[in-house]
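What follows is one structure encoded as structure tokens, with my remarks underneath.
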Amino acid sequence: MQVTSARGISGAARAHNGNRLPKLPQVQASIVRCSSSSSAARRWAAVWGLSRPGTPLLSSLPAAASRRSLTVMAAAAAPATAAAPQATSFAKEAHGFELVRQQFVHEYDSHVLLYKHQKTGAEVISVVNSDENKTFGAVFRTPVSDSTGIPHILEHSVLCGSRKYPIKEPFVELMKGSLNTFLNAFTYPDRTCYPVASTNTQDFYNLVDVYLDAVLHPRCVNDKMTFEQEGWHLELDDPAQPLTYKGVVFNEMKGVYSSPDSMFYRTVQQALFPDNCYSHDSGGDPTVIPKLSFEQFQEFHAKYYNPSNGRFWFYGDDEPTKRLEILDGFFSDFEACPVDSEVTSQPLMQEPRRVTAHYAAGDSEDGDGKAYAAVNWVLTSEPLDVETELALGFLDYLLLGTPAAPLRKALNDSGLGAALVGGGMDDELKQPVFSVGLKGVEADKVDAVEQLVLDKLKELAEAGFTPGAIEAAVNTIEFSLRENNTGSFPRGLSLMLRAVGAWIYDKDPYTPIQWEEALNSFKDKLSAGGDVFGPLIHKYLLDNQHRVTVVMLPDQSLSAKIEEDEKSRLEAIRAQLSEEQLAKVVEETAALKERQETPDPPEALACIPALQLSDIPKTITKVPTAISQLSGGAQLLAHELFTNDVLYAEAALDMSGLPSHLLPLVPLFCRSLTQMGTDKESFVELTERIGRKTGGLSVYPFTSSKRGSDQPVAYTMVRGKAMGHNSGDLFQLMGDILATARLDDRARFTQMVAETKAGLEAGIIGSGHRFAGSRLAAQRSVAGWVGESMGGLSYLDTIRGLAKRVEDDWDSVKADLESIRSHLLQCKGAFINLTGDDRALTAAAAHVDDLLSRLPETSAAGPNSTDGWQGSLKRVNEALVVPTQVNYVGKAANLYQDADYQLTGAAYVIEKHLGTSWLWDKVRVVGGAYGGFCSFDSHSGLFTYLSYRDPNLLETLEAYDGTVDFLRGLDLDKDALTKAIIGTMGDLDAYQLPDAKGYAQFTRYLLGVTDEERQARREQVLGTTVQDFKQFADVLECVRGDAARVVAVTSADKAAQVLEQRPGFWEVKKVL
């Protein structure tokens, strides 16, 4: 499934145990703070606690893998606190609503109330529990009949002013001054969602009020300029210049269509659903978007955006009747308006077929330039009952859920391709689908991929799965259901998206959130010993004729053809315009820019509801931490927090003694520890033991600069979770993989290298801003250089050479892997970090020494002969060339080194304000980029500007350089300053679940950030003045001066155009 994202920038995550999160539906999400992975991805993140800690390594990009199906039900399964309210008396009628259904859903420890608005027929689910992280959502069914992207453009546009809030962007004002824990919007192929969340009740109601007014009474339907800004328009500054297309969604989708992975998943969806709304792109095809008229835009909103077509959701500990009062205040303006928005089903085909498409490939010899091949099914035309859906979720996990799962392993071991594609089962649309295949396939091997998938399914249908695999799947899935770890994603929103998956198709919204009975019934069937999975494989896959094999081939000329086609269309339009019409386009362009650059007056901004500084706690929230010394020089940190008897554990091994030439191998070493088996277990057996005994286990490098030190903090983290009574098994596993993991499986390592290479090459096209930022960091700090060596373009260069080295000189690679282990394994400098309630911590205490006893007191490799790592990249401007229709533009300097800046908390306020004012307006609103922002790393001192899916290059750099003058001329009134401070406090006090609290406190300890410093920074934030902004302008002079450097991910043509205008400006490096 493809979901389109509105205003945000995608993030990447990795599951415990390296478990694949297959295809990520591409969600268009609204805010830089929020991940724009799909709801499915977020819900799987909820299950696995995915937000990968430490420095995000670019090797994990793109976030192109996620699994929906069964386990997403974990979204809100376990209580956030010890108990939820048990009251059973709720209003049967109130504020124009009638209670239709009331049920206590024990899986979520919540009262779930279904109300219907008597006047409009709008339905509302009101979930009452003790979760302080309150959630609201408005969902409208919005099927499309073309690929103009109309629901996506509307999703952007309704948040640009409304009846009660007649300013340019209430959404941005909320970003500036809210304590929200979520502020976003999603465009699906058949619905549009507008969710918000906050732990502060007044802030929550403020958010709800702005969002309801935005969707029901937006100004954009009477304001063509908003449509042109967010959607598309012709732009012409001078009659002598060529015409161009501009628009935020237009450029966003050009970025999406530049990504081969994104194009592949869109091709799959459209091939599987040729006869209903899913055959179109609700996000918008850049070649079709300019066909959308303002009148069609208006009509679409009038048809679908009314309470009768909506589904509304409240969740949390606020007063239930107040929710109804708020909604009726809006709904009472409307009459019942039946809407024909039903999503029609795709009739199942009677015979398999094949679809061949092409993607834009680069001409670099280092790129794969190979095919995608996947086999895809629509599973049924009828709704699935919850037990069947549950069973298919188990089957999905058994087939593909871990690197050792048989279908996934067969594909990886085949040597037919570089990396897995396809998401397994995805049931977020009306009809569930199953998709699996490979990318990096030779064109003459695509038939072999299809045959392998079918043959392996036949084998598994007959032979079944091992008892160990089934036990591991049951434990893993049940653990995730009961743990309810949604990471930074609000539990209430995870639950909403699950319920909406049925509700939007007029099915019972309670069914998807009541899984206990179906789970027990399914476990009983497994215990009875019958063949549960074979019939499912036959019915839904092997015997299902609605099967489409999608092949996508590389085309090195396609990128140039796309650019030329757009140029030709624009030239044809220009040729038809008279001089007067051209003058009008110039006039309209100027008028739009004037409107975009004219700020709302303070009196207009005052309409946005806001908190006061008195609403903000003056002191930090401390995480309980007990520190003790362990044998061999290790330290133990323990955080006693309520976790429902789940233990979260990290073992951190000091990497600082590792020779620098081994650093690029560390990420693959980490994967090898869990993906090659041990001296007593095969890879499959180890994976199954992890699944049976724990909730997941992962290994990854953590690196960061440390303020005041030239050397980085660097650890290899072994992170896992288990029920308290299984803590002994967890520590045994940690010890086993560290001390006895095999590092000699050449075939497996070769596949990991290929997967890593494919992921990096896909990532630099879809997430170029991360690569640009990594290159800039590597020029200015050792920590940045280490991160670049293990996850950036430098890492990609290493990986490309490593593939040949593995083939020609495997013994030396194996020796390097063993050398890494020899350097890492030592008690000296190690940390054990534990988070759990008293029972879990007590159970774990008996086993910590067991783990440390597996480690030598000091490294067997001896001390590192160097005085630390000394690396850095050459300080130059760079253009990293890939086949893309958009740019990712970065510029950075080090404020500590280049401006002698002394850190204060005001820097956090200024950084956030720039991202929601100057950069938002100049790079996104005027420039048409999908995103523009800045980042200040207070540990290294690096200040970085970055843009995302940006049509511009030099213009964006000019906007960055204009920041200094913007700050000097800034005149914030008291309300605007208060808003900036409160928004910053919302980031500093971001909502965290217990495991995140314990991990955050651990990383602060490693980086030397004390509670006393945190309190001082908090006071500095709260005391920020306008003068601080103006003084910071002097500091930022260095980022527009000679000390700054530029790195951009761009196309060859655009890199050359810059050199024509500024000879010698940068070095050009062809990546793909």
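Numbering starts fresh at 1 for the residues of each chain in the structure tokens, the chains themselves are lettered A, B, ... in the order given, and ligands are numbered from 1 as they appear.
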request  = Excluding region 639-654 of chain A and any residue of its chain fewer than 3 positions from it, enumerate the residues within 9 Å of it, using only C-alpha atoms, and give them as a PyMOL selection string.
outcome  = chain A and resi 78-82+483+623-626+657-658+702+713-727+730-731+734+823-841+843-844+993-995+997-999+1001
Close residues, Asn544 (chain A) itself excluded, 9 Å, only C-alpha atoms, min 3 positions apart in chain, as a PDB file with N, CA and C atoms, in the first residue's frame:
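Contents of out.pdb, as written:
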ATOM      1  N   LEU A 348     -11.509 -10.239  -8.191  1.00  0.00           N
ATOM      2  CA  LEU A 348     -10.339 -11.094  -8.304  1.00  0.00           C
ATOM      3  C   LEU A 348     -10.180 -11.601  -9.729  1.00  0.00           C
ATOM      4  N   MET A 349      -8.951 -11.573 -10.207  1.00  0.00           N
ATOM      5  CA  MET A 349      -8.664 -12.029 -11.557  1.00  0.00           C
ATOM      6  C   MET A 349      -8.678 -13.560 -11.609  1.00  0.00           C
ATOM      7  N   GLN A 350      -8.887 -14.082 -12.777  1.00  0.00           N
ATOM      8  CA  GLN A 350      -9.022 -15.525 -12.958  1.00  0.00           C
ATOM      9  C   GLN A 350      -7.733 -16.186 -13.422  1.00  0.00           C
ATOM     10  N   GLU A 351      -6.715 -15.391 -13.725  1.00  0.00           N
ATOM     11  CA  GLU A 351      -5.436 -15.972 -14.112  1.00  0.00           C
ATOM     12  C   GLU A 351      -4.317 -15.000 -13.778  1.00  0.00           C
ATOM     13  N   PRO A 352      -3.140 -15.540 -13.471  1.00  0.00           N
ATOM     14  CA  PRO A 352      -2.006 -14.673 -13.135  1.00  0.00           C
ATOM     15  C   PRO A 352      -1.572 -13.843 -14.335  1.00  0.00           C
ATOM     16  N   TRP A 377      -0.033 -10.782  -4.517  1.00  0.00           N
ATOM     17  CA  TRP A 377      -1.402 -11.275  -4.529  1.00  0.00           C
ATOM     18  C   TRP A 377      -2.351 -10.288  -3.838  1.00  0.00           C
ATOM     19  N   VAL A 378      -3.581 -10.190  -4.326  1.00  0.00           N
ATOM     20  CA  VAL A 378      -4.698  -9.709  -3.521  1.00  0.00           C
ATOM     21  C   VAL A 378      -5.318 -10.963  -2.916  1.00  0.00           C
ATOM     22  N   LEU A 379      -5.432 -11.022  -1.598  1.00  0.00           N
ATOM     23  CA  LEU A 379      -5.756 -12.286  -0.944  1.00  0.00           C
ATOM     24  C   LEU A 379      -7.220 -12.665  -1.015  1.00  0.00           C
ATOM     25  N   THR A 380      -8.101 -11.681  -1.032  1.00  0.00           N
ATOM     26  CA  THR A 380      -9.520 -12.003  -0.973  1.00  0.00           C
ATOM     27  C   THR A 380     -10.345 -10.815  -1.419  1.00  0.00           C
ATOM     28  N   HIS A 538      -2.226 -22.494   0.675  1.00  0.00           N
ATOM     29  CA  HIS A 538      -2.910 -22.918  -0.545  1.00  0.00           C
ATOM     30  C   HIS A 538      -4.036 -21.952  -0.913  1.00  0.00           C
ATOM     31  N   LYS A 539      -4.898 -21.651   0.052  1.00  0.00           N
ATOM     32  CA  LYS A 539      -6.094 -20.861  -0.266  1.00  0.00           C
ATOM     33  C   LYS A 539      -5.751 -19.443  -0.691  1.00  0.00           C
ATOM     34  N   TYR A 540      -4.869 -18.802   0.046  1.00  0.00           N
ATOM     35  CA  TYR A 540      -4.650 -17.371  -0.180  1.00  0.00           C
ATOM     36  C   TYR A 540      -3.484 -17.071  -1.115  1.00  0.00           C
ATOM     37  N   LEU A 541      -2.627 -18.065  -1.359  1.00  0.00           N
ATOM     38  CA  LEU A 541      -1.466 -17.811  -2.208  1.00  0.00           C
ATOM     39  C   LEU A 541      -1.413 -18.769  -3.398  1.00  0.00           C
ATOM     40  N   ARG A 547      -2.831 -13.093  -8.989  1.00  0.00           N
ATOM     41  CA  ARG A 547      -1.389 -13.003  -8.760  1.00  0.00           C
ATOM     42  C   ARG A 547      -0.761 -12.179  -9.880  1.00  0.00           C
TER      43      ARG A 547
END
ask   = What's the 9 Å shell around Ala990 (chain A), counting only C-alpha atoms, without same-chain residues fewer than 3 positions away, as a list of chain:residue names?
value =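 Skipping anything fewer than 3 positions along the chain leaves A:Leu179, A:Asn180, A:Thr181, A:Ser488, A:Met985, A:Gly986, A:Asp987.
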Those same residues, written as a PDB file, in the first residue's frame with N, CA, C and O atoms?
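Printed below is part-v3.pdb as written:
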ATOM      1  N   LEU A 179       2.773  22.005  23.098  1.00  0.00           N
ATOM      2  CA  LEU A 179       3.431  20.889  23.768  1.00  0.00           C
ATOM      3  C   LEU A 179       3.033  19.566  23.139  1.00  0.00           C
ATOM      4  O   LEU A 179       3.150  18.508  23.754  1.00  0.00           O
ATOM      5  N   ASN A 180       2.567  19.619  21.896  1.00  0.00           N
ATOM      6  CA  ASN A 180       2.047  18.413  21.269  1.00  0.00           C
ATOM      7  C   ASN A 180       3.060  17.272  21.299  1.00  0.00           C
ATOM      8  O   ASN A 180       4.272  17.481  21.179  1.00  0.00           O
ATOM      9  N   THR A 181       2.535  16.061  21.415  1.00  0.00           N
ATOM     10  CA  THR A 181       3.345  14.860  21.257  1.00  0.00           C
ATOM     11  C   THR A 181       3.141  14.254  19.876  1.00  0.00           C
ATOM     12  O   THR A 181       3.839  13.309  19.507  1.00  0.00           O
ATOM     13  N   SER A 488       7.905   6.488  20.366  1.00  0.00           N
ATOM     14  CA  SER A 488       7.473   7.882  20.502  1.00  0.00           C
ATOM     15  C   SER A 488       6.110   8.118  19.869  1.00  0.00           C
ATOM     16  O   SER A 488       5.582   9.228  19.933  1.00  0.00           O
ATOM     17  N   MET A 985      10.159  23.805  24.777  1.00  0.00           N
ATOM     18  CA  MET A 985       9.950  22.975  25.968  1.00  0.00           C
ATOM     19  C   MET A 985       9.193  21.697  25.610  1.00  0.00           C
ATOM     20  O   MET A 985       9.437  20.633  26.193  1.00  0.00           O
ATOM     21  N   GLY A 986       8.307  21.796  24.634  1.00  0.00           N
ATOM     22  CA  GLY A 986       7.614  20.594  24.186  1.00  0.00           C
ATOM     23  C   GLY A 986       8.571  19.561  23.628  1.00  0.00           C
ATOM     24  O   GLY A 986       8.380  18.349  23.809  1.00  0.00           O
ATOM     25  N   ASP A 987       9.625  20.034  22.948  1.00  0.00           N
ATOM     26  CA  ASP A 987      10.644  19.110  22.439  1.00  0.00           C
ATOM     27  C   ASP A 987      11.499  18.553  23.569  1.00  0.00           C
ATOM     28  O   ASP A 987      11.803  17.360  23.613  1.00  0.00           O
TER      29      ASP A 987
END
ask   = Counting only C-alpha atoms, what is within 8 Å of region 684-692 of chain A, bar same-chain residues fewer than 6 positions away, as a PyMOL selection string?
value = chain A and resi 17+402+404-405+468-469+471-476+674-675+677-678+733
inquiry  = I'd like to know which of A:Leu457, A:Val813, A:Met496, A:Ile125 is closest to His111 (chain A), using only C-alpha atoms.
reply    =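 Looking only at the distances to His111 (chain A), the closest residue turns out to be A:Ile125.
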request  = Kindly indicate which residue among A:Arg408, A:Lys1070, A:Asn877, A:Leu895 lies nearest to Asp797 (chain A), using only C-alpha atoms for the distances.
outcome  = A:Lys1070
message = At a cut-off of 8 Å, using only C-alpha atoms, what residues contact Phe171 (chain A)? Leave out same-chain residues fewer than 4 positions from it and give the result as a count of residues only.
response = 3
